[in-house]
$ cat work.cif   # mmCIF, C-alpha atoms
data_upload
#
loop_
_atom_site.group_PDB
_atom_site.id
_atom_site.type_symbol
_atom_site.label_atom_id
_atom_site.label_comp_id
_atom_site.auth_asym_id
_atom_site.auth_seq_id
_atom_site.Cartn_x
_atom_site.Cartn_y
_atom_site.Cartn_z
ATOM 1 C CA MET B 1 6.990 -37.002 -5.701
ATOM 2 C CA SER B 2 8.842 -34.324 -3.785
ATOM 3 C CA LYS B 3 8.346 -31.952 -6.687
ATOM 4 C CA ASP B 4 4.575 -32.417 -6.533
ATOM 5 C CA ARG B 5 4.565 -31.828 -2.791
ATOM 6 C CA ILE B 6 6.432 -28.559 -3.193
ATOM 7 C CA GLU B 7 4.164 -27.343 -5.988
ATOM 8 C CA ASN B 8 1.050 -28.037 -3.903
ATOM 9 C CA LEU B 9 2.051 -25.843 -0.967
ATOM 10 C CA PRO B 10 -0.822 -23.579 0.183
ATOM 11 C CA PHE B 11 0.418 -20.312 -1.310
ATOM 12 C CA THR B 12 -2.982 -18.758 -0.603
ATOM 13 C CA THR B 13 -1.969 -18.619 3.052
ATOM 14 C CA TYR B 14 0.811 -16.191 2.229
ATOM 15 C CA ASP B 15 -1.505 -14.285 -0.092
ATOM 16 C CA LEU B 16 -4.020 -13.805 2.712
ATOM 17 C CA VAL B 17 -1.597 -13.152 5.549
ATOM 18 C CA GLY B 18 1.520 -11.795 3.867
ATOM 19 C CA TYR B 19 -0.121 -9.551 1.271
ATOM 20 C CA LEU B 20 -3.702 -8.745 2.221
ATOM 21 C CA THR B 21 -3.025 -7.856 5.860
ATOM 22 C CA PRO B 22 -0.409 -5.135 5.264
ATOM 23 C CA GLY B 23 -2.152 -4.121 2.035
ATOM 24 C CA SER B 24 -5.422 -3.609 3.909
ATOM 25 C CA LEU B 25 -3.658 -1.382 6.425
ATOM 26 C CA VAL B 26 -2.289 0.730 3.587
ATOM 27 C CA VAL B 27 -5.691 1.049 1.899
ATOM 28 C CA LEU B 28 -7.419 1.927 5.188
ATOM 29 C CA GLY B 29 -4.724 4.460 5.993
ATOM 30 C CA ILE B 30 -5.133 6.119 2.600
ATOM 31 C CA PHE B 31 -8.929 6.202 2.608
ATOM 32 C CA TRP B 32 -9.234 7.483 6.155
ATOM 33 C CA HIS B 33 -6.426 10.008 5.974
ATOM 34 C CA PRO B 34 -7.736 13.564 6.407
ATOM 35 C CA TRP B 35 -5.982 14.650 3.218
ATOM 36 C CA VAL B 36 -7.820 12.031 1.143
ATOM 37 C CA PRO B 37 -11.629 12.175 0.768
ATOM 38 C CA GLY B 38 -11.784 8.410 1.252
ATOM 39 C CA GLN B 39 -15.177 8.238 2.908
ATOM 40 C CA GLN B 40 -16.669 10.336 0.121
ATOM 41 C CA LEU B 41 -15.155 7.979 -2.448
ATOM 42 C CA LEU B 42 -16.577 4.911 -0.694
ATOM 43 C CA ALA B 43 -19.973 6.432 0.068
ATOM 44 C CA PRO B 44 -21.519 5.656 -3.356
ATOM 45 C CA PHE B 45 -20.547 1.985 -3.021
ATOM 46 C CA ILE B 46 -21.761 1.646 0.576
ATOM 47 C CA SER B 47 -24.979 3.658 0.511
ATOM 48 C CA ASN B 48 -26.133 2.643 -2.969
ATOM 49 C CA GLY B 49 -28.939 0.125 -2.804
ATOM 50 C CA SER B 50 -27.616 -1.952 -5.717
ATOM 51 C CA ILE B 51 -25.930 -5.154 -4.552
ATOM 52 C CA LEU B 52 -23.908 -5.251 -7.769
ATOM 53 C CA ILE B 53 -22.425 -1.817 -7.055
ATOM 54 C CA GLN B 54 -21.527 -2.910 -3.519
ATOM 55 C CA ILE B 55 -19.858 -6.076 -4.823
ATOM 56 C CA ILE B 56 -17.864 -4.047 -7.333
ATOM 57 C CA GLY B 57 -16.799 -1.643 -4.584
ATOM 58 C CA PHE B 58 -15.747 -4.473 -2.286
ATOM 59 C CA PHE B 59 -13.855 -6.228 -5.099
ATOM 60 C CA SER B 60 -12.076 -2.990 -6.018
ATOM 61 C CA VAL B 61 -10.935 -2.453 -2.428
ATOM 62 C CA PHE B 62 -9.859 -6.129 -2.218
ATOM 63 C CA VAL B 63 -7.744 -5.846 -5.373
ATOM 64 C CA ALA B 64 -6.267 -2.540 -4.200
ATOM 65 C CA ALA B 65 -5.286 -4.111 -0.871
ATOM 66 C CA TYR B 66 -3.757 -7.136 -2.617
ATOM 67 C CA VAL B 67 -1.698 -4.956 -4.989
ATOM 68 C CA ALA B 68 -0.652 -2.683 -2.134
ATOM 69 C CA GLY B 69 0.404 -5.771 -0.150
ATOM 70 C CA HIS B 70 2.705 -6.863 -2.986
ATOM 71 C CA LEU B 71 4.216 -3.393 -3.147
ATOM 72 C CA VAL B 72 4.783 -3.294 0.607
ATOM 73 C CA SER B 73 6.295 -6.792 0.528
ATOM 74 C CA TYR B 74 8.756 -5.757 -2.173
ATOM 75 C CA LEU B 75 9.711 -2.515 -0.426
ATOM 76 C CA SER B 76 10.133 -4.270 2.915
ATOM 77 C CA SER B 77 12.446 -6.865 1.358
ATOM 78 C CA GLU B 78 14.535 -4.150 -0.298
ATOM 79 C CA ILE B 79 14.596 -1.772 2.664
ATOM 80 C CA SER B 80 13.701 -3.337 6.025
ATOM 81 C CA GLU B 81 15.271 -6.744 5.416
ATOM 82 C CA LYS B 82 18.490 -5.211 4.116
ATOM 83 C CA PHE B 83 18.607 -2.931 7.146
ATOM 84 C CA ILE B 84 18.374 -5.886 9.537
ATOM 85 C CA VAL B 85 20.832 -8.018 7.560
ATOM 86 C CA ARG B 86 23.409 -5.265 7.148
ATOM 87 C CA THR B 87 23.038 -4.191 10.767
ATOM 88 C CA MET B 88 23.044 -7.554 12.553
ATOM 89 C CA GLY B 89 24.016 -10.020 9.835
ATOM 90 C CA TYR B 90 22.190 -13.128 8.677
ATOM 91 C CA PRO B 91 21.085 -15.532 11.434
ATOM 92 C CA ILE B 92 23.526 -18.217 10.235
ATOM 93 C CA ARG B 93 26.384 -15.846 10.984
ATOM 94 C CA PHE B 94 25.876 -16.617 14.677
ATOM 95 C CA MET B 95 24.153 -20.003 14.479
ATOM 96 C CA LEU B 96 27.043 -21.924 12.915
ATOM 97 C CA ARG B 97 30.016 -20.549 14.772
ATOM 98 C CA GLN B 98 31.777 -21.823 17.833
ATOM 99 C CA ARG B 99 30.071 -20.941 21.086
ATOM 100 C CA HIS B 100 31.985 -18.550 23.308
ATOM 101 C CA LYS B 101 32.688 -19.622 26.850
ATOM 102 C CA ASN B 102 30.980 -16.467 28.030
ATOM 103 C CA VAL B 103 27.528 -15.611 26.643
ATOM 104 C CA ILE B 104 28.327 -11.951 27.154
ATOM 105 C CA GLU B 105 30.960 -12.245 24.424
ATOM 106 C CA ASP B 106 28.269 -13.284 21.924
ATOM 107 C CA LYS B 107 26.140 -10.272 22.771
ATOM 108 C CA ARG B 108 29.126 -7.946 22.729
ATOM 109 C CA GLU B 109 30.154 -9.168 19.271
ATOM 110 C CA CYS B 110 26.654 -8.550 17.926
ATOM 111 C CA TRP B 111 26.604 -5.068 19.426
ATOM 112 C CA GLN B 112 29.995 -4.256 17.898
ATOM 113 C CA GLN B 113 28.635 -5.377 14.537
ATOM 114 C CA ILE B 114 25.584 -3.125 14.926
ATOM 115 C CA LYS B 115 27.636 -0.135 16.068
ATOM 116 C CA LYS B 116 30.211 -0.518 13.296
ATOM 117 C CA THR B 117 27.758 -0.952 10.406
ATOM 118 C CA SER B 118 25.419 1.788 11.682
ATOM 119 C CA ALA B 119 28.222 4.341 11.947
ATOM 120 C CA LYS B 120 29.620 3.312 8.578
ATOM 121 C CA ASN B 121 26.314 3.603 6.742
ATOM 122 C CA LEU B 122 24.797 6.576 8.553
ATOM 123 C CA PHE B 123 27.947 8.651 8.162
ATOM 124 C CA PRO B 124 29.727 7.315 5.056
ATOM 125 C CA LYS B 125 33.006 8.913 4.023
ATOM 126 C CA ASN B 126 32.010 8.836 0.377
ATOM 127 C CA ILE B 127 28.610 8.376 -1.250
ATOM 128 C CA SER B 128 28.917 6.602 -4.588
ATOM 129 C CA PHE B 129 26.079 6.226 -7.077
ATOM 130 C CA ARG B 130 28.213 3.871 -9.117
ATOM 131 C CA TYR B 131 28.704 1.248 -6.404
ATOM 132 C CA GLY B 132 25.314 1.684 -4.782
ATOM 133 C CA ASN B 133 26.306 2.636 -1.242
ATOM 134 C CA TRP B 134 23.997 5.660 -1.550
ATOM 135 C CA PHE B 135 21.023 3.276 -1.312
ATOM 136 C CA THR B 136 22.408 1.658 1.834
ATOM 137 C CA HIS B 137 22.864 5.141 3.272
ATOM 138 C CA LEU B 138 19.194 5.918 2.568
ATOM 139 C CA ILE B 139 18.127 2.618 4.137
ATOM 140 C CA PHE B 140 19.867 3.501 7.398
ATOM 141 C CA LEU B 141 18.508 7.056 7.316
ATOM 142 C CA PHE B 142 15.019 5.625 6.870
ATOM 143 C CA HIS B 143 15.446 3.680 10.145
ATOM 144 C CA VAL B 144 17.293 6.427 12.029
ATOM 145 C CA PHE B 145 14.415 6.993 14.468
ATOM 146 C CA LEU B 146 14.880 3.423 15.718
ATOM 147 C CA SER B 147 18.328 4.252 17.093
ATOM 148 C CA PRO B 148 17.124 4.852 20.681
ATOM 149 C CA ALA B 149 15.279 1.526 20.694
ATOM 150 C CA ILE B 150 18.343 -0.282 19.309
ATOM 151 C CA VAL B 151 20.572 1.206 21.998
ATOM 152 C CA ALA B 152 18.020 0.315 24.681
ATOM 153 C CA SER B 153 17.926 -3.269 23.383
ATOM 154 C CA LYS B 154 21.662 -3.499 23.900
ATOM 155 C CA PHE B 155 21.295 -2.858 27.621
ATOM 156 C CA LEU B 156 17.942 -4.581 28.236
ATOM 157 C CA LEU B 157 18.025 -7.659 25.988
ATOM 158 C CA GLY B 158 21.511 -7.894 24.553
ATOM 159 C CA PHE B 159 20.286 -9.589 21.318
ATOM 160 C CA GLY B 160 20.785 -12.972 22.978
ATOM 161 C CA PHE B 161 17.951 -14.586 21.005
ATOM 162 C CA TYR B 162 19.746 -13.717 17.749
ATOM 163 C CA THR B 163 23.347 -14.455 18.728
ATOM 164 C CA GLU B 164 22.885 -17.844 20.380
ATOM 165 C CA PRO B 165 24.732 -20.544 18.384
ATOM 166 C CA LEU B 166 23.210 -23.920 17.629
ATOM 167 C CA ALA B 167 24.278 -27.032 19.498
ATOM 168 C CA LYS B 168 27.790 -28.141 18.641
ATOM 169 C CA GLY B 169 26.554 -31.487 17.319
ATOM 170 C CA ILE B 170 24.243 -29.812 14.787
ATOM 171 C CA VAL B 171 27.005 -27.483 13.604
ATOM 172 C CA THR B 172 29.437 -30.389 13.168
ATOM 173 C CA GLN B 173 26.949 -32.614 11.358
ATOM 174 C CA CYS B 174 25.900 -29.772 9.065
ATOM 175 C CA GLU B 175 29.483 -29.185 7.965
ATOM 176 C CA ARG B 176 30.095 -32.917 7.417
ATOM 177 C CA ARG B 177 26.905 -33.309 5.414
ATOM 178 C CA PHE B 178 27.680 -30.318 3.229
ATOM 179 C CA LYS B 179 31.180 -31.559 2.414
ATOM 180 C CA ALA B 180 29.915 -35.106 1.842
ATOM 181 C CA ASN B 181 27.196 -33.948 -0.556
ATOM 182 C CA TRP B 182 29.313 -31.505 -2.517
ATOM 183 C CA PRO B 183 33.024 -32.412 -2.196
ATOM 184 C CA HIS B 184 33.953 -29.926 -4.924
ATOM 185 C CA LEU B 185 32.431 -27.108 -2.836
ATOM 186 C CA LYS B 186 34.299 -27.784 0.397
ATOM 187 C CA LYS B 187 35.981 -24.400 0.254
ATOM 188 C CA SER B 188 32.584 -22.712 -0.179
ATOM 189 C CA TYR B 189 31.460 -23.739 3.306
ATOM 190 C CA ASP B 190 31.678 -20.507 5.238
ATOM 191 C CA PRO B 191 29.412 -20.118 8.292
ATOM 192 C CA SER B 192 29.736 -16.339 8.086
ATOM 193 C CA SER B 193 28.354 -16.237 4.521
ATOM 194 C CA GLU B 194 24.806 -16.878 3.327
ATOM 195 C CA GLU B 195 25.782 -18.096 -0.152
ATOM 196 C CA TRP B 196 26.148 -21.778 0.755
ATOM 197 C CA PHE B 197 22.956 -21.646 2.832
ATOM 198 C CA HIS B 198 20.838 -21.042 -0.280
ATOM 199 C CA LEU B 199 22.091 -24.335 -1.719
ATOM 200 C CA VAL B 200 21.329 -26.171 1.533
ATOM 201 C CA GLU B 201 17.909 -24.505 1.693
ATOM 202 C CA HIS B 202 16.779 -25.621 -1.769
ATOM 203 C CA TYR B 203 18.258 -29.091 -1.338
ATOM 204 C CA THR B 204 16.585 -29.730 2.027
ATOM 205 C CA ILE B 205 13.122 -28.532 1.002
ATOM 206 C CA ASN B 206 13.140 -30.490 -2.275
ATOM 207 C CA GLN B 207 14.673 -33.694 -0.929
ATOM 208 C CA TYR B 208 12.762 -33.766 2.349
ATOM 209 C CA PRO B 209 9.316 -32.231 1.682
ATOM 210 C CA GLU B 210 8.095 -33.070 5.194
ATOM 211 C CA VAL B 211 10.075 -30.068 6.437
ATOM 212 C CA ALA B 212 8.341 -27.731 3.976
ATOM 213 C CA PRO B 213 5.051 -27.063 5.865
ATOM 214 C CA LYS B 214 6.780 -26.005 9.077
ATOM 215 C CA ALA B 215 9.370 -23.952 7.232
ATOM 216 C CA TYR B 216 6.607 -22.387 5.154
ATOM 217 C CA ASN B 217 4.788 -21.277 8.310
ATOM 218 C CA TYR B 218 7.924 -19.422 9.379
ATOM 219 C CA VAL B 219 8.156 -17.812 5.929
ATOM 220 C CA VAL B 220 4.567 -16.563 6.255
ATOM 221 C CA LEU B 221 5.202 -15.175 9.733
ATOM 222 C CA TYR B 222 8.473 -13.427 9.020
ATOM 223 C CA GLY B 223 7.135 -12.096 5.716
ATOM 224 C CA LEU B 224 4.148 -10.564 7.485
ATOM 225 C CA LEU B 225 6.259 -9.125 10.298
ATOM 226 C CA ARG B 226 8.772 -7.703 7.828
ATOM 227 C CA SER B 227 5.981 -5.842 6.007
ATOM 228 C CA LEU B 228 4.515 -4.582 9.287
ATOM 229 C CA PHE B 229 7.987 -3.492 10.394
ATOM 230 C CA PHE B 230 8.337 -1.447 7.209
ATOM 231 C CA LEU B 231 4.883 0.137 7.596
ATOM 232 C CA ALA B 232 5.504 0.955 11.258
ATOM 233 C CA THR B 233 8.836 2.586 10.403
ATOM 234 C CA LEU B 234 7.159 4.570 7.629
ATOM 235 C CA PHE B 235 4.433 5.651 10.043
ATOM 236 C CA THR B 236 7.168 6.752 12.450
ATOM 237 C CA TRP B 237 8.240 9.362 9.933
ATOM 238 C CA PHE B 238 4.714 10.767 9.667
ATOM 239 C CA VAL B 239 4.452 10.966 13.456
ATOM 240 C CA ALA B 240 7.930 12.521 13.699
ATOM 241 C CA ILE B 241 7.025 15.233 11.197
ATOM 242 C CA GLN B 242 3.842 15.935 13.117
ATOM 243 C CA CYS B 243 5.870 16.002 16.334
ATOM 244 C CA PHE B 244 8.228 18.645 14.920
ATOM 245 C CA VAL B 245 5.220 20.698 13.864
ATOM 246 C CA ASP B 246 3.738 20.371 17.367
ATOM 247 C CA VAL B 247 7.010 21.464 18.952
ATOM 248 C CA GLY B 248 6.796 24.637 16.889
ATOM 249 C CA LEU B 249 3.165 25.138 17.898
ATOM 250 C CA THR B 250 4.045 24.587 21.545
ATOM 251 C CA THR B 251 6.752 27.217 21.295
ATOM 252 C CA LEU B 252 4.362 29.711 19.692
ATOM 253 C CA THR B 253 1.240 29.050 21.775
ATOM 254 C CA GLY B 254 2.743 27.839 25.027
ATOM 255 C CA LYS B 255 0.367 24.839 25.014
ATOM 256 C CA PHE B 256 1.890 21.367 25.090
ATOM 257 C CA GLN B 257 1.086 19.167 22.078
ATOM 258 C CA GLY B 258 1.049 15.494 23.011
ATOM 259 C CA THR B 259 2.689 13.939 19.941
ATOM 260 C CA LEU B 260 6.034 13.055 21.547
ATOM 261 C CA PRO B 261 4.629 10.150 23.632
ATOM 262 C CA LEU B 262 3.001 8.806 20.456
ATOM 263 C CA LEU B 263 6.335 8.996 18.639
ATOM 264 C CA SER B 264 8.023 7.054 21.444
ATOM 265 C CA ALA B 265 5.305 4.396 21.329
ATOM 266 C CA VAL B 266 5.516 4.047 17.542
ATOM 267 C CA VAL B 267 9.316 3.723 17.662
ATOM 268 C CA LEU B 268 9.001 1.004 20.315
ATOM 269 C CA ILE B 269 6.344 -0.890 18.346
ATOM 270 C CA SER B 270 8.435 -0.642 15.164
ATOM 271 C CA TRP B 271 11.488 -2.124 16.834
ATOM 272 C CA ILE B 272 9.446 -4.903 18.467
ATOM 273 C CA LEU B 273 8.101 -5.840 15.031
ATOM 274 C CA GLY B 274 11.657 -5.807 13.703
ATOM 275 C CA MET B 275 12.854 -8.116 16.467
ATOM 276 C CA ALA B 276 9.862 -10.412 15.908
ATOM 277 C CA TYR B 277 10.843 -10.599 12.236
ATOM 278 C CA CYS B 278 14.394 -11.546 13.255
ATOM 279 C CA LYS B 279 13.028 -14.214 15.597
ATOM 280 C CA PHE B 280 11.058 -16.084 12.928
ATOM 281 C CA TYR B 281 13.765 -15.531 10.299
ATOM 282 C CA ARG B 282 16.172 -17.273 12.668
ATOM 283 C CA ARG B 283 13.687 -20.067 13.370
ATOM 284 C CA TYR B 284 13.299 -20.683 9.644
ATOM 285 C CA SER B 285 17.079 -20.906 9.211
ATOM 286 C CA ARG B 286 17.363 -23.170 12.244
ATOM 287 C CA GLU B 287 14.680 -25.506 10.894
ATOM 288 C CA ILE B 288 16.467 -25.880 7.549
ATOM 289 C CA ILE B 289 19.921 -26.388 9.067
ATOM 290 C CA SER B 290 18.758 -28.821 11.752
ATOM 291 C CA ARG B 291 16.912 -30.992 9.224
ATOM 292 C CA PHE B 292 19.870 -30.923 6.858
ATOM 293 C CA ALA B 293 22.212 -32.007 9.650
ATOM 294 C CA ALA B 294 19.822 -34.742 10.836
ATOM 295 C CA THR B 295 19.736 -36.334 7.373
ATOM 296 C CA TYR B 296 23.460 -36.982 7.634
ATOM 297 C CA CYS B 297 22.865 -38.991 10.808
ATOM 298 C CA ASP B 298 20.007 -40.858 9.130
ATOM 299 C CA GLN B 299 22.180 -41.827 6.175
ATOM 300 C CA LYS B 300 24.957 -43.093 8.459
ATOM 301 C CA ASN B 301 22.496 -45.182 10.464
ATOM 302 C CA ASN B 302 20.985 -46.663 7.301
ATOM 303 C CA THR B 303 24.356 -47.681 5.991
#
$ encode --input "work.cif" --output "structure tokens"
Amino acid sequence: MSKDRIENLPFTTYDLVGYLTPGSLVVLGIFWHPWVPGQQLLAPFISNGSILIQIIGFFSVFVAAYVAGHLVSYLSSEISEKFIVRTMGYPIRFMLRQRHKNVIEDKRECWQQIKKTSAKNLFPKNISFRYGNWFTHLIFLFHVFLSPAIVASKFLLGFGFYTEPLAKGIVTQCERRFKANWPHLKKSYDPSSEEWFHLVEHYTINQYPEVAPKAYNYVVLYGLLRSLFFLATLFTWFVAIQCFVDVGLTTLTGKFQGTLPLLSAVVLISWILGMAYCKFYRRYSREIISRFAATYCDQKNNT
């Protein structure tokens, strides 16, 4: 029964929101870019009186947006998600640990993690193609323009929404349930690692399908925001290049070019999208862990 419930999840929701939305932005950006004669390419499909030609044109754009959405989703998972995870750590790293007496300690620990990993990956001592740290270096370089926003977040927000641990009762019950379910994996329970969480994730969704719809909504939201975060960061590079060009023009002509405020706005929007992604990624993890811990209480009450 649970298997049927899982197979019947509305995947079209993710197709529409997670793929078509960012894919449509990519297609629109390409067609309306001044370097691409997009309007001339679309003109025959729009102005032609044949309905069939218009349908073909619309279907072609739809397919292009869908394919582009898949590409953006893959790139965002390989680049943007890894940047967040390697910078701040997985949400469970903070959710399942003991709460500090002082909330400031939680925020300070997160900031130390960000500062340490950013310095390590932006300025590596050795770049190895064999062990793959060159790709991590490129990931951090790709997000380098977000550095001012990250530093500002440290002083304004403190990453409290990401570092706040779960209630002590949930953490305790989760550990007991894990060790009761899989006694031979007791040593694998490590709140700072995500490996055991994958087992809990699959077990909870398959054994308790009522949690799947709510968890799936979080997957749709953080998947969309992750893709938008990637696109916004990519757009930041285009604006930054244009800003450098404008600085040169300002120096030559003496007339101020107003690209710098746009760059600041794009950097801010990119980081907000990144934090929104973290928010729903954490909510998804919290939903899975809380339901997993609650089942342990239910089993004890039934017995």
$ residues_around --input "work.cif" --residues "Leu262 (chain B)" --least-positions-apart "2" --cutoff "10 Å" --atoms "all atoms listed in the file" --output "list in words"
Thr236, Val239, Ala240, Cys243, Gly258, Thr259, Leu260, Ser264, Ala265, Val266, Val267 and Leu268 of chain B
$ resolve_selection --input "work.cif" --expression "the PyMOL selection byres ((chain B and resi 62) around 12)" --output "ChimeraX atom specification"
/B:15-16,19-21,23-28,55-61,63-69
$ resolve_selection --input "work.cif" --expression "the PyMOL selection byres ((chain B and resi 133-145) around 9)" --output "ChimeraX atom specification"
/B:78-80,82-83,86-87,118,120-124,126-132,146-149,233-234,236-237,240,267
$ write_last_selection --input "work.cif" --atoms "C-alpha atoms" --output "PDB file, in the frame of the given file"
ATOM      1  CA  GLU B  78      14.535  -4.150  -0.298  1.00  0.00           C
ATOM      2  CA  ILE B  79      14.596  -1.772   2.664  1.00  0.00           C
ATOM      3  CA  SER B  80      13.701  -3.337   6.025  1.00  0.00           C
ATOM      4  CA  LYS B  82      18.490  -5.211   4.116  1.00  0.00           C
ATOM      5  CA  PHE B  83      18.607  -2.931   7.146  1.00  0.00           C
ATOM      6  CA  ARG B  86      23.409  -5.265   7.148  1.00  0.00           C
ATOM      7  CA  THR B  87      23.038  -4.191  10.767  1.00  0.00           C
ATOM      8  CA  SER B 118      25.419   1.788  11.682  1.00  0.00           C
ATOM      9  CA  LYS B 120      29.620   3.312   8.578  1.00  0.00           C
ATOM     10  CA  ASN B 121      26.314   3.603   6.742  1.00  0.00           C
ATOM     11  CA  LEU B 122      24.797   6.576   8.553  1.00  0.00           C
ATOM     12  CA  PHE B 123      27.947   8.651   8.162  1.00  0.00           C
ATOM     13  CA  PRO B 124      29.727   7.315   5.056  1.00  0.00           C
ATOM     14  CA  ASN B 126      32.010   8.836   0.377  1.00  0.00           C
ATOM     15  CA  ILE B 127      28.610   8.376  -1.250  1.00  0.00           C
ATOM     16  CA  SER B 128      28.917   6.602  -4.588  1.00  0.00           C
ATOM     17  CA  PHE B 129      26.079   6.226  -7.077  1.00  0.00           C
ATOM     18  CA  ARG B 130      28.213   3.871  -9.117  1.00  0.00           C
ATOM     19  CA  TYR B 131      28.704   1.248  -6.404  1.00  0.00           C
ATOM     20  CA  GLY B 132      25.314   1.684  -4.782  1.00  0.00           C
ATOM     21  CA  LEU B 146      14.880   3.423  15.718  1.00  0.00           C
ATOM     22  CA  SER B 147      18.328   4.252  17.093  1.00  0.00           C
ATOM     23  CA  PRO B 148      17.124   4.852  20.681  1.00  0.00           C
ATOM     24  CA  ALA B 149      15.279   1.526  20.694  1.00  0.00           C
ATOM     25  CA  THR B 233       8.836   2.586  10.403  1.00  0.00           C
ATOM     26  CA  LEU B 234       7.159   4.570   7.629  1.00  0.00           C
ATOM     27  CA  THR B 236       7.168   6.752  12.450  1.00  0.00           C
ATOM     28  CA  TRP B 237       8.240   9.362   9.933  1.00  0.00           C
ATOM     29  CA  ALA B 240       7.930  12.521  13.699  1.00  0.00           C
ATOM     30  CA  VAL B 267       9.316   3.723  17.662  1.00  0.00           C
TER      31      VAL B 267
END
$ closest_residue --input "work.cif" --among "B:Ser73, B:Asn181, B:Asn217, B:Gln113" --to "Phe280 (chain B)" --atoms "all atoms listed in the file"
B:Asn217
$ resolve_selection --input "work.cif" --expression "the PyMOL selection byres ((chain B and resi 88-98) around 7)" --output "ChimeraX atom specification"
/B:84-87,99-100,110,113-114,162-166,171,191-193,282
$ residues_around --input "work.cif" --residues "Ser76 (chain B)" --least-positions-apart "5" --cutoff "7 Å" --atoms "all atoms listed in the file" --output "ChimeraX atom specification"
/B:81,226-227,230
$ closest_residue --input "work.cif" --among "B:Thr295, B:Ser270, B:Gln54, B:Ser188" --to "Tyr203 (chain B)" --atoms "only C-alpha atoms"
B:Thr295
$ closest_residue --input "work.cif" --among "B:Tyr218, B:Trp32, B:Tyr284, B:Phe292" --to "Thr204 (chain B)" --atoms "all atoms listed in the file"
B:Phe292
$ atom_distance --input "work.cif" --atom1 "CA of Ile289 (chain B)" --atom2 "CA of Gly223 (chain B)"
19.5 Å
$ closest_residue --input "work.cif" --among "B:Leu263, B:Pro183, B:Val220, B:Glu109" --to "Ala232 (chain B)" --atoms "only C-alpha atoms"
B:Leu263
$ atom_distance --input "work.cif" --atom1 "CA of Pro261 (chain B)" --atom2 "CA of Leu273 (chain B)"
18.5 Å
$ atom_distance --input "work.cif" --atom1 "CA of Leu224 (chain B)" --atom2 "CA of Gly18 (chain B)"
4.6 Å
$ build_atoms --input "work.cif" --residues "region 79-92 of chain B" --atoms "N, CA and C atoms" --output "compact mmCIF listing (two decimals), in the frame of the given file"
# COMPACT_ATOMS: atom_id res chain seq x y z
N ILE B 79 14.21 -2.81 1.70
CA ILE B 79 14.60 -1.77 2.66
C ILE B 79 14.75 -2.34 4.07
N SER B 80 13.66 -2.88 4.63
CA SER B 80 13.70 -3.34 6.02
C SER B 80 14.58 -4.58 6.21
N GLU B 81 14.45 -5.53 5.29
CA GLU B 81 15.27 -6.74 5.42
C GLU B 81 16.75 -6.42 5.26
N LYS B 82 17.08 -5.56 4.31
CA LYS B 82 18.49 -5.21 4.12
C LYS B 82 19.03 -4.43 5.31
N PHE B 83 18.16 -3.65 5.95
CA PHE B 83 18.61 -2.93 7.15
C PHE B 83 18.97 -3.91 8.26
N ILE B 84 18.10 -4.90 8.49
CA ILE B 84 18.37 -5.89 9.54
C ILE B 84 19.62 -6.70 9.21
N VAL B 85 19.71 -7.16 7.96
CA VAL B 85 20.83 -8.02 7.56
C VAL B 85 22.16 -7.26 7.63
N ARG B 86 22.16 -6.02 7.16
CA ARG B 86 23.41 -5.26 7.15
C ARG B 86 23.75 -4.70 8.52
N THR B 87 22.77 -4.66 9.40
CA THR B 87 23.04 -4.19 10.77
C THR B 87 23.50 -5.34 11.66
N MET B 88 22.77 -6.45 11.64
CA MET B 88 23.04 -7.55 12.55
C MET B 88 23.65 -8.77 11.87
N GLY B 89 23.53 -8.84 10.54
CA GLY B 89 24.02 -10.02 9.84
C GLY B 89 22.93 -11.08 9.72
N TYR B 90 23.14 -12.03 8.82
CA TYR B 90 22.19 -13.13 8.68
C TYR B 90 22.22 -14.00 9.93
N PRO B 91 21.11 -14.68 10.23
CA PRO B 91 21.08 -15.53 11.43
C PRO B 91 22.18 -16.58 11.45
N ILE B 92 22.52 -17.15 10.27
CA ILE B 92 23.53 -18.22 10.24
C ILE B 92 24.90 -17.71 10.63
